[in-house]
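Data from my_file.txt: compact mmCIF, C-alpha atoms
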```txt
# COMPACT_ATOMS: atom_id res chain seq x y z
CA ASN A 1 11.37 192.28 151.62
CA ALA A 2 14.89 192.14 150.18
CA GLY A 3 14.75 188.57 148.80
CA VAL A 4 17.86 187.88 146.72
CA THR A 5 20.30 190.76 146.39
CA GLN A 6 23.07 190.84 143.82
CA THR A 7 25.90 193.32 143.54
CA PRO A 8 27.14 194.94 141.42
CA LYS A 9 24.39 195.44 138.83
CA PHE A 10 26.88 196.29 136.06
CA ARG A 11 30.60 195.83 135.63
CA ILE A 12 33.18 196.12 132.88
CA LEU A 13 36.37 194.12 133.29
CA LYS A 14 39.55 193.86 131.29
CA ILE A 15 40.74 190.47 130.10
CA GLY A 16 42.68 188.74 132.87
CA GLN A 17 41.20 190.74 135.72
CA SER A 18 39.40 189.04 138.56
CA MET A 19 36.28 189.93 140.48
CA THR A 20 33.64 188.57 142.81
CA LEU A 21 29.92 188.78 142.17
CA GLN A 22 28.07 189.00 145.44
CA CYS A 23 24.76 187.31 146.23
CA ALA A 24 22.84 187.38 149.48
CA GLN A 25 19.40 186.12 150.42
CA ASP A 26 17.40 186.79 153.58
CA MET A 27 14.79 184.05 153.21
CA ASN A 28 16.79 181.37 155.04
CA HIS A 29 16.86 179.25 151.87
CA ASN A 30 19.21 176.29 151.89
CA TYR A 31 19.65 176.05 148.13
CA MET A 32 21.42 178.73 146.13
CA TYR A 33 22.41 178.84 142.46
CA TRP A 34 24.43 180.84 139.98
CA TYR A 35 23.30 181.01 136.35
CA ARG A 36 24.54 182.82 133.31
CA GLN A 37 22.27 183.95 130.50
CA ASP A 38 23.74 184.76 127.10
CA PRO A 39 21.67 186.72 124.54
CA GLY A 40 18.86 184.60 123.09
CA MET A 41 19.78 181.63 125.25
CA GLY A 42 18.33 179.90 128.27
CA LEU A 43 19.89 180.09 131.69
CA LYS A 44 22.88 177.83 132.23
CA LEU A 45 23.74 176.63 135.73
CA ILE A 46 27.30 177.48 136.78
CA TYR A 47 27.41 176.30 140.40
CA TYR A 48 24.93 175.48 143.10
CA SER A 49 24.94 174.94 146.84
CA VAL A 50 22.65 172.81 148.98
CA GLY A 51 23.68 174.45 152.23
CA ALA A 52 26.47 176.22 154.04
CA GLY A 53 29.81 174.58 153.33
CA ILE A 54 28.52 172.51 150.39
CA THR A 55 28.90 173.48 146.75
CA ASP A 56 28.91 171.59 143.47
CA LYS A 57 29.41 172.22 139.78
CA GLY A 58 26.61 172.86 137.36
CA GLU A 59 26.70 172.70 133.56
CA VAL A 60 29.27 175.45 132.86
CA PRO A 61 31.63 175.76 135.88
CA ASN A 62 34.91 176.37 134.05
CA GLY A 63 36.47 179.73 134.85
CA TYR A 64 34.42 180.21 138.03
CA ASN A 65 34.63 179.40 141.70
CA VAL A 66 32.16 179.69 144.56
CA SER A 67 32.05 179.43 148.31
CA ARG A 68 29.22 179.13 150.81
CA SER A 69 30.45 180.01 154.29
CA THR A 70 27.00 181.11 155.49
CA THR A 71 23.41 180.29 154.58
CA GLU A 72 22.87 183.85 153.40
CA ASP A 73 25.84 184.45 151.07
CA PHE A 74 26.95 182.72 147.88
CA PRO A 75 29.65 184.72 146.07
CA LEU A 76 30.83 183.82 142.55
CA ARG A 77 34.49 184.40 141.71
CA LEU A 78 36.00 184.97 138.27
CA GLU A 79 39.76 184.56 138.51
CA LEU A 80 40.98 185.35 134.99
CA ALA A 81 38.22 187.13 133.10
CA ALA A 82 37.81 186.11 129.45
CA PRO A 83 35.57 187.63 126.73
CA SER A 84 33.52 184.42 126.70
CA GLN A 85 32.38 185.27 130.23
CA THR A 86 30.54 188.36 129.03
CA SER A 87 27.00 187.60 130.09
CA VAL A 88 24.21 188.36 132.51
CA TYR A 89 24.62 186.50 135.78
CA PHE A 90 21.68 185.57 137.95
CA CYS A 91 21.78 184.29 141.49
CA ALA A 92 18.77 182.37 142.79
CA SER A 93 17.66 180.60 145.93
CA SER A 94 15.01 178.09 146.90
CA THR A 95 13.83 176.12 149.92
CA LEU A 96 15.05 172.56 150.35
CA GLY A 97 15.93 171.99 146.72
CA THR A 98 13.83 171.96 143.60
CA GLY A 99 11.69 168.95 144.26
CA GLY A 100 7.98 169.37 143.98
CA ASN A 101 6.98 172.87 143.06
CA GLN A 102 9.54 174.92 144.91
CA PRO A 103 10.07 178.08 142.89
CA GLN A 104 13.44 179.67 142.53
CA HIS A 105 13.70 183.29 143.60
CA PHE A 106 16.07 185.30 141.44
CA GLY A 107 18.15 188.37 142.05
CA ASP A 108 18.08 191.31 139.63
CA GLY A 109 21.15 190.09 137.76
CA THR A 110 24.67 191.37 137.15
CA ARG A 111 25.57 192.51 133.65
CA LEU A 112 29.23 191.76 133.09
CA SER A 113 31.28 192.77 130.05
CA ILE A 114 34.84 191.59 129.50
CA LEU A 115 36.81 193.75 127.08
CA ARG B 1 19.08 168.19 120.52
CA LYS B 2 18.40 170.76 123.24
CA GLU B 3 16.94 169.41 126.47
CA VAL B 4 14.16 171.99 126.37
CA GLU B 5 13.10 173.53 123.08
CA GLN B 6 10.87 176.49 122.47
CA ASP B 7 9.91 178.53 119.44
CA PRO B 8 11.77 181.82 120.04
CA GLY B 9 9.02 183.89 118.37
CA PRO B 10 8.32 186.72 118.53
CA PHE B 11 4.59 186.25 118.67
CA ASN B 12 3.02 189.57 117.80
CA VAL B 13 -0.64 189.66 118.82
CA PRO B 14 -3.27 192.37 119.35
CA GLU B 15 -4.79 193.05 122.73
CA GLY B 16 -7.58 190.62 123.52
CA ALA B 17 -6.14 187.82 121.40
CA THR B 18 -5.57 184.27 122.57
CA VAL B 19 -2.04 182.97 122.10
CA ALA B 20 -0.47 179.60 122.81
CA PHE B 21 3.14 178.54 123.26
CA ASN B 22 4.49 175.02 123.13
CA CYS B 23 7.63 173.56 124.59
CA THR B 24 9.18 170.12 124.15
CA TYR B 25 11.58 168.35 126.48
CA SER B 26 13.89 165.45 125.76
CA ASN B 27 14.29 163.69 129.10
CA SER B 28 11.40 161.35 129.86
CA ALA B 29 12.52 161.22 133.52
CA SER B 30 11.63 164.88 133.98
CA GLN B 31 9.50 165.31 137.06
CA SER B 32 8.15 168.82 137.31
CA PHE B 33 7.38 171.56 134.87
CA PHE B 34 7.04 175.31 135.13
CA TRP B 35 6.49 178.45 133.14
CA TYR B 36 8.59 181.46 134.12
CA ARG B 37 8.15 184.96 132.80
CA GLN B 38 11.10 187.23 132.08
CA ASP B 39 10.66 190.89 131.28
CA CYS B 40 13.29 192.66 129.20
CA ARG B 41 16.54 193.00 131.16
CA LYS B 42 14.90 191.61 134.30
CA GLU B 43 15.14 188.42 136.29
CA PRO B 44 12.92 185.37 135.59
CA LYS B 45 9.87 185.02 137.82
CA LEU B 46 7.70 181.97 138.31
CA LEU B 47 4.44 182.33 136.40
CA MET B 48 2.91 178.96 137.18
CA SER B 49 3.64 175.33 137.74
CA VAL B 50 2.30 172.77 135.26
CA TYR B 51 0.36 169.86 136.67
CA SER B 52 -0.37 166.56 134.94
CA SER B 53 -4.09 167.25 134.82
CA GLY B 54 -3.59 170.74 133.45
CA ASN B 55 -4.17 173.85 135.48
CA GLU B 56 -5.51 177.34 135.12
CA ASP B 57 -4.63 180.62 136.80
CA GLY B 58 -6.87 183.41 135.65
CA ARG B 59 -6.21 184.00 131.95
CA PHE B 60 -3.37 181.48 131.87
CA THR B 61 -3.79 177.75 131.25
CA ALA B 62 -0.96 175.25 131.32
CA GLN B 63 -1.09 171.72 129.92
CA LEU B 64 1.29 168.79 130.11
CA ASN B 65 1.46 165.86 127.72
CA ARG B 66 3.93 163.35 129.15
CA ALA B 67 3.50 160.86 126.33
CA SER B 68 4.55 163.41 123.72
CA GLN B 69 6.84 165.25 126.12
CA TYR B 70 5.47 168.68 125.57
CA ILE B 71 4.08 171.49 127.67
CA SER B 72 1.85 174.32 126.58
CA LEU B 73 0.85 177.73 127.88
CA LEU B 74 -2.34 179.42 126.71
CA ILE B 75 -2.96 183.09 127.37
CA ARG B 76 -6.49 184.38 126.86
CA ASP B 77 -7.54 188.01 126.47
CA SER B 78 -3.94 189.19 126.05
CA LYS B 79 -2.96 192.43 127.79
CA LEU B 80 -0.21 194.84 126.89
CA SER B 81 1.40 193.90 130.19
CA ASP B 82 1.71 190.28 129.04
CA SER B 83 4.52 191.33 126.69
CA ALA B 84 7.55 189.41 127.92
CA THR B 85 9.61 186.31 127.28
CA TYR B 86 8.10 183.08 128.56
CA LEU B 87 10.55 180.43 129.70
CA CYS B 88 9.65 176.78 129.76
CA VAL B 89 11.44 175.10 132.66
CA VAL B 90 11.78 171.40 133.34
CA LEU B 91 13.06 169.66 136.45
CA HIS B 92 14.71 166.28 136.33
CA PRO B 93 16.99 164.31 138.61
CA SER B 94 20.68 164.54 137.85
CA GLY B 95 23.26 162.87 140.07
CA GLY B 96 21.34 163.25 143.30
CA TYR B 97 20.32 166.80 142.56
CA ASN B 98 17.08 167.91 140.95
CA LYS B 99 18.21 170.11 138.09
CA LEU B 100 16.16 172.86 136.49
CA ILE B 101 16.63 173.14 132.74
CA PHE B 102 15.56 176.43 131.21
CA GLY B 103 14.39 176.82 127.65
CA ALA B 104 15.65 179.84 125.72
CA GLY B 105 12.19 181.38 125.89
CA THR B 106 9.39 182.50 123.61
CA ARG B 107 8.97 186.22 123.14
CA LEU B 108 5.48 187.67 123.19
CA ALA B 109 4.65 191.21 122.04
CA VAL B 110 1.08 192.39 122.60
CA HIS B 111 0.15 195.54 120.68
CA PRO B 112 -2.85 197.90 120.96
```
So, in terms of structure tokens, how does the structure I just supplied come out?
Amino acid sequence: NAGVTQTPKFRILKIGQSMTLQCAQDMNHNYMYWYRQDPGMGLKLIYYSVGAGITDKGEVPNGYNVSRSTTEDFPLRLELAAPSQTSVYFCASSTLGTGGNQPQHFGDGTRLSIL
Amino acid sequence: RKEVEQDPGPFNVPEGATVAFNCTYSNSASQSFFWYRQDCRKEPKLLMSVYSSGNEDGRFTAQLNRASQYISLLIRDSKLSDSATYLCVVLHPSGGYNKLIFGAGTRLAVHP
């Protein structure tokens, strides 16, 4: 049972570099999310998607972009990495949104450092 | 004011102790409530949902007080394996999307 798979697990970037964090889920979930978690803080929603071809901004979208060409994949793109983007990034998915008691299933996280 | 507030702890308790965490939320339109558990350097995982009438799952009891806008989690007979950070999570509607708001978490350390 793969669930939600994130790659890479760790990455160090230089300021100004770009990269894509990959996220894939095999549960046929419509909803997918990207969060960042800074030390001692709660998760902040960056972007979310309610289905293939549909994405929208969360609380902290600046400096990031996403796409959702398939139900399974939801990559997160950093175009010009900045030190403020040093964080742990979690991808999550859920069935038909977060109404009721639909839990979110999380990937293992990507630890990203910008130096 | 944060939308979801928790005491960061840490709560240091011996095995077998009973420990309780509280969480307050600011948006009275919030619809659903959850407790997630997050182990060190791991992803959050759903521990339990919180129902209006209160609910129990083994050693864990969750309570909701809508009037005072707070949620609680009680852990009885603490185990070493309960050591983790407990995230209070609140769902409320936001522009056509039901948004999950995560608290920063309460850290629990259970010692022998």
Which residues of chain A come within 6 Å of chain B, and for each one, what is the closest pair of atoms and their distance in Å to one decimal, counting all atoms listed in the file, sorted by chain and residue number, as CSV?
```
residue,atom,partner,partner_atom,distance
A:Met41,CA,B:Ala104,CA,4.5
A:Gly42,CA,B:Ala104,CA,3.7
A:Leu43,CA,B:Phe102,CA,5.7
A:Thr98,CA,B:Asn98,CA,5.8
A:Asp108,CA,B:Glu43,CA,5.3
```
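The two atoms in question, atom CA of Arg107 of chain B and atom CA of Leu112 of chain A, are spaced 23.2 Å apart.
Between atom CA of Ser49 of chain A and atom CA of Arg68 of chain A lies a distance of 7.2 Å.
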Polymer residues at most 8 Å from Ala17 of chain B, all atoms listed in the file, same-chain spacing of 6 or more positions, as a ChimeraX atom specification: /B:76-78
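You can rank B:Cys40, B:Asp57, B:Ser30, B:Lys79 by their closest distance to Gly40 of chain A using all atoms listed in the file, and at the top of that list sits B:Cys40.
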From B:Ile75, B:Ala84, B:Val13, B:Val90, residue lying nearest Trp35 of chain B [only C-alpha atoms]: B:Val90
field: Contact residues around Phe74 of chain A with only C-alpha atoms at 9 Å, ignoring same-chain residues under 5 positions, as a PyMOL selection string
entry: chain A and resi 21-25+32-34+48-49+52+66-69+91
message: Excluding Ser72 of chain B and its own-chain neighbours fewer than 5 positions away, which residues fall within 9 Å of it when counting only C-alpha atoms? Please give them as JSON, numbers by chain.
response: {"B": [20, 21, 22, 23, 24, 50, 61, 62, 63, 64, 65, 88]}
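The spacing separating atom CA of Leu115 of chain A from atom CA of Gly16 of chain A amounts to 9.6 Å.
Closest approach to Thr110 of chain A from the set A:Thr95, A:Asn65, A:Thr20, A:Thr71 is made by A:Thr20, with distances taken over only C-alpha atoms.
Using all atoms listed in the file, the shortest contact distance between Lys44 of chain A and any of A:Ser113, A:Ser87, A:Gln104, A:Asn30 is found at A:Ser87.
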